[in-house]
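Just below is one structure, and these are the notes that go with it.
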Amino acid sequence: MKILKSSEDYLEAMLIMKEVHGYIRSIDIAMELGVTKPSVSYATKRLRENGYITMDKDGFITLTDKGMDIAAHIYERHKVLTSVLIQLGVNPETAREDACKLEHDISDESFDALKRHLEKNNEQK
């Protein structure tokens, strides 16, 4: 299944919103991603049509199982890549920004190797 990078970013932001606030609203997504409310409206419409999210009558968003799988996958990549970059001496803010770019394009093989490396380093501490 191929999903657009921007859709992955929206799903990841939604997962973060759910963890931070306990709910997901379009306005919070717009603020988190630094995009306009109309952009969020367009994206959420696409995500709903593709079965990644649902939205209730009050505008609260829920990730479907399908949407949660993608969001969790991308968020794990983001956290691991950020940690590896920080361990390599990269400034935390730069590490987060670069991880955001890398999380979409890195192969599963390379990501798994980085994850094993991170886990090995954390065990040695």
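Chain identifiers are assigned as A, B, and so on, following the order in which chains appear in the structure tokens; residues are numbered from 1 within each chain, and ligands are numbered from 1 in order of appearance.
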Looking only at strand (DSSP E or B) from DSSP on the backbone, list the matching residues of range 47-114 of chain A as a VMD selection string.
-> chain A and resid 53 to 55 61 to 63
Using DSSP on the backbone coordinates, identify the residues of range 42-110 of chain A assigned to helix (DSSP H, G or I); present them as a ChimeraX atom specification.
-> /A:42-49,65-87,92-102,108-110
Those same residues, written as a CSV table (one decimal), in the first residue's frame with N, CA and C atoms?
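out_16.csv, freshly written:
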chain,number,residue,atom,x,y,z
A,42,TYR,N,-8.9,19.6,3.6
A,42,TYR,CA,-8.7,18.9,2.4
A,42,TYR,C,-8.0,17.5,2.7
A,43,ALA,N,-7.0,17.5,3.5
A,43,ALA,CA,-6.3,16.3,3.9
A,43,ALA,C,-7.2,15.4,4.7
A,44,THR,N,-7.9,15.9,5.6
A,44,THR,CA,-8.8,15.0,6.4
A,44,THR,C,-9.9,14.4,5.5
A,45,LYS,N,-10.3,15.1,4.6
A,45,LYS,CA,-11.3,14.6,3.6
A,45,LYS,C,-10.7,13.4,2.9
A,46,ARG,N,-9.5,13.5,2.4
A,46,ARG,CA,-8.8,12.4,1.7
A,46,ARG,C,-8.6,11.3,2.6
A,47,LEU,N,-8.2,11.5,3.8
A,47,LEU,CA,-7.9,10.5,4.8
A,47,LEU,C,-9.2,9.7,5.2
A,48,ARG,N,-10.3,10.5,5.3
A,48,ARG,CA,-11.6,9.8,5.6
A,48,ARG,C,-12.0,8.9,4.4
A,49,GLU,N,-11.9,9.4,3.2
A,49,GLU,CA,-12.3,8.7,2.0
A,49,GLU,C,-11.5,7.4,1.8
A,65,ASP,N,-8.0,1.6,12.6
A,65,ASP,CA,-6.9,0.7,12.7
A,65,ASP,C,-5.9,0.8,11.6
A,66,LYS,N,-6.4,1.0,10.4
A,66,LYS,CA,-5.5,1.2,9.3
A,66,LYS,C,-4.7,2.5,9.4
A,67,GLY,N,-5.3,3.6,9.8
A,67,GLY,CA,-4.6,4.8,10.0
A,67,GLY,C,-3.7,4.8,11.2
A,68,MET,N,-4.0,4.1,12.2
A,68,MET,CA,-3.2,3.9,13.4
A,68,MET,C,-1.9,3.1,13.1
A,69,ASP,N,-2.1,2.1,12.3
A,69,ASP,CA,-0.9,1.3,11.9
A,69,ASP,C,0.1,2.2,11.2
A,70,ILE,N,-0.3,3.0,10.2
A,70,ILE,CA,0.6,3.9,9.5
A,70,ILE,C,1.2,4.9,10.4
A,71,ALA,N,0.4,5.6,11.2
A,71,ALA,CA,0.8,6.6,12.2
A,71,ALA,C,1.9,6.0,13.1
A,72,ALA,N,1.6,4.9,13.7
A,72,ALA,CA,2.5,4.3,14.6
A,72,ALA,C,3.9,3.9,14.0
A,73,HIS,N,3.8,3.4,12.7
A,73,HIS,CA,5.0,3.1,12.0
A,73,HIS,C,5.8,4.3,11.7
A,74,ILE,N,5.3,5.4,11.3
A,74,ILE,CA,6.0,6.6,11.0
A,74,ILE,C,6.5,7.2,12.3
A,75,TYR,N,5.7,7.2,13.3
A,75,TYR,CA,6.1,7.9,14.6
A,75,TYR,C,7.3,7.1,15.2
A,76,GLU,N,7.3,5.7,15.1
A,76,GLU,CA,8.4,4.9,15.6
A,76,GLU,C,9.7,5.3,14.8
A,77,ARG,N,9.6,5.4,13.5
A,77,ARG,CA,10.7,5.8,12.7
A,77,ARG,C,11.2,7.1,13.1
A,78,HIS,N,10.3,8.1,13.4
A,78,HIS,CA,10.7,9.4,13.8
A,78,HIS,C,11.5,9.4,15.1
A,79,LYS,N,11.0,8.7,16.1
A,79,LYS,CA,11.6,8.6,17.4
A,79,LYS,C,13.0,7.9,17.3
A,80,VAL,N,13.1,6.8,16.6
A,80,VAL,CA,14.3,6.1,16.5
A,80,VAL,C,15.4,6.9,15.7
A,81,LEU,N,15.0,7.5,14.6
A,81,LEU,CA,15.9,8.3,13.8
A,81,LEU,C,16.4,9.5,14.6
A,82,THR,N,15.5,10.2,15.3
A,82,THR,CA,15.9,11.3,16.2
A,82,THR,C,16.9,10.9,17.2
A,83,SER,N,16.6,9.8,17.9
A,83,SER,CA,17.6,9.3,18.9
A,83,SER,C,18.9,8.9,18.4
A,84,VAL,N,19.0,8.3,17.2
A,84,VAL,CA,20.2,7.9,16.6
A,84,VAL,C,21.0,9.2,16.3
A,85,LEU,N,20.4,10.1,15.7
A,85,LEU,CA,21.1,11.4,15.3
A,85,LEU,C,21.6,12.1,16.5
A,86,ILE,N,20.8,12.2,17.6
A,86,ILE,CA,21.2,12.8,18.8
A,86,ILE,C,22.4,12.1,19.4
A,87,GLN,N,22.4,10.8,19.4
A,87,GLN,CA,23.6,10.0,19.9
A,87,GLN,C,24.8,10.3,19.0
A,92,PRO,N,19.5,18.4,19.0
A,92,PRO,CA,18.2,17.8,19.1
A,92,PRO,C,17.2,18.4,18.1
A,93,GLU,N,17.2,19.7,18.0
A,93,GLU,CA,16.2,20.3,17.1
A,93,GLU,C,16.5,19.9,15.6
A,94,THR,N,17.7,19.9,15.3
A,94,THR,CA,18.1,19.5,13.9
A,94,THR,C,17.8,18.0,13.7
A,95,ALA,N,18.1,17.2,14.7
A,95,ALA,CA,17.8,15.8,14.7
A,95,ALA,C,16.4,15.5,14.4
A,96,ARG,N,15.5,16.3,15.1
A,96,ARG,CA,14.0,16.1,14.9
A,96,ARG,C,13.6,16.5,13.5
A,97,GLU,N,14.2,17.6,13.0
A,97,GLU,CA,13.8,18.0,11.7
A,97,GLU,C,14.3,17.0,10.6
A,98,ASP,N,15.5,16.6,10.8
A,98,ASP,CA,16.1,15.6,9.8
A,98,ASP,C,15.4,14.3,9.9
A,99,ALA,N,15.0,13.8,11.1
A,99,ALA,CA,14.3,12.6,11.2
A,99,ALA,C,13.0,12.7,10.4
A,100,CYS,N,12.3,13.8,10.5
A,100,CYS,CA,11.1,14.0,9.8
A,100,CYS,C,11.2,13.8,8.3
A,101,LYS,N,12.4,14.2,7.8
A,101,LYS,CA,12.7,14.0,6.3
A,101,LYS,C,13.0,12.6,6.0
A,102,LEU,N,13.8,12.0,6.9
A,102,LEU,CA,14.3,10.6,6.7
A,102,LEU,C,13.2,9.5,6.9
A,108,ASP,N,13.3,-0.3,4.9
A,108,ASP,CA,13.1,-1.1,6.1
A,108,ASP,C,14.4,-1.7,6.6
A,109,GLU,N,15.2,-2.1,5.7
A,109,GLU,CA,16.5,-2.8,6.0
A,109,GLU,C,17.4,-1.8,6.8
A,110,SER,N,17.5,-0.6,6.3
A,110,SER,CA,18.4,0.4,7.0
A,110,SER,C,17.8,0.8,8.3
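CA of Thr64 in chain A to CA of Asp28 in chain A spans 18.6 Å [interatomic distance, one decimal].
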Between CA of Ser6 in chain A and CA of Val90 in chain A, what is the distance, to one decimal in Å?
->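 CA of Ser6 in chain A sits 25.0 Å away from CA of Val90 in chain A.
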Counting only C-alpha atoms, the residue among A:Met31, A:Leu11, A:Val20, A:Lys120 that lies closest to Ile53 in chain A is A:Leu11
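Interatomic distance, CA of Ile16 in chain A against CA of Met55 in chain A: 16.8 Å.
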